[in-house]
Amino acid sequence: MEYQARLRKRRRAVLADRQDAHVGTRLWGEAAREGARSIGQPAGVIEIGARADWVVLDGDHPSMVGTDDRGALDHFIFGAGSAAIRDVMVGGRWVVKDGRHALESALAAPFRTLMRERLRL
């Protein structure tokens, strides 16, 4: 939405408003709240009883340099992408820590076997 609005209006931060000057924060918050509401899940907010789904960004990642906590989501959404994700919690359980999925080691060998089989087809 932001990219299309930028092209039309020929300026940045089109979707920013007085309540939230950071477009990334606004978009992330709305996507989390409305996404959870659309599937009927108690998520998308930080409150007691809500599902604990978290993404922890790596503030030391090169794409995150020069930002503070308020601008972190802008950097993440409009530049960093998944490379800046350090940890992920789903339903209160850590599934990615320090950039490594909890099942990465266990799934590496079966994945290699599957890929070898597919390449022989």
# chains A, B, ... in the order shown; residues from 1 in each chain; ligands from 1

call {"tool": "select_by_dssp", "arguments": {"residues": "chain A", "states": "helix (DSSP H, G or I)", "output": "PyMOL selection string"}}
result
chain A and resi 2-9+23-38+62-64+69-84+104-119

call {"tool": "residues_around", "arguments": {"residues": "Glu30 of chain A", "least_positions_apart": "6", "cutoff": "12 Å", "atoms": "only C-alpha atoms", "output": "number ranges by chain"}}
result
A: 15, 20, 23-24, 36-38, 43-45

call {"tool": "select_by_dssp", "arguments": {"residues": "chain A", "states": "strand (DSSP E)", "output": "VMD selection string"}}
result
chain A and resid 54 to 57 85 to 90 93 to 97 100 to 101

call {"tool": "atom_distance", "arguments": {"atom1": "atom CA of Asp68 of chain A", "atom2": "atom CA of Pro42 of chain A"}}
result
28.8 Å

call {"tool": "residues_around", "arguments": {"residues": "Gly81 of chain A", "least_positions_apart": "5", "cutoff": "9 Å", "atoms": "only C-alpha atoms", "output": "list of chain:residue names"}}
result
A:Ser63, A:His75, A:Phe76

call {"tool": "write_last_selection", "arguments": {"atoms": "C-alpha atoms", "output": "tab-separated table (two decimals), in the first residue's frame"}}
result
chain	number	residue	atom	x	y	z
A	63	SER	CA	20.32	-3.05	7.52
A	75	HIS	CA	13.94	-0.32	8.49
A	76	PHE	CA	12.75	-3.92	8.72

call {"tool": "residues_around", "arguments": {"residues": "segment 51-61 of chain A", "least_positions_apart": "2", "cutoff": "7 Å", "atoms": "only C-alpha atoms", "output": "short mmCIF file (atom, residue, chain, number, x, y, z; two decimals) with C-alpha atoms, in the first residue's frame"}}
result
data_model
loop_
_atom_site.label_atom_id
_atom_site.label_comp_id
_atom_site.auth_asym_id
_atom_site.auth_seq_id
_atom_site.Cartn_x
_atom_site.Cartn_y
_atom_site.Cartn_z
CA PRO A 42 -6.67 -13.85 20.17
CA ALA A 43 -3.47 -12.33 18.76
CA GLY A 49 -4.73 -13.79 27.16
CA SER A 63 20.32 -3.05 7.52
CA MET A 64 19.18 -1.93 10.98
CA VAL A 65 22.07 0.47 11.60
CA ALA A 84 17.31 -8.95 10.23
CA ILE A 85 15.16 -11.45 12.15
CA ARG A 86 17.05 -12.90 15.10
CA ASP A 87 14.38 -14.80 17.06
CA VAL A 88 10.80 -15.97 16.49
CA MET A 89 8.28 -17.13 19.08
CA VAL A 90 5.07 -18.89 18.00
CA GLY A 91 2.36 -19.64 20.51
CA GLY A 92 4.72 -18.97 23.41
#

call {"tool": "atom_distance", "arguments": {"atom1": "atom CA of Leu73 of chain A", "atom2": "atom CA of Glu47 of chain A"}}
result
20.0 Å

call {"tool": "atom_distance", "arguments": {"atom1": "atom CA of Ala83 of chain A", "atom2": "atom CA of Lys97 of chain A"}}
result
13.3 Å

call {"tool": "closest_residue", "arguments": {"among": "A:His22, A:Ala106, A:Trp94, A:Gly40", "to": "Ala72 of chain A", "atoms": "only C-alpha atoms"}}
result
A:His22
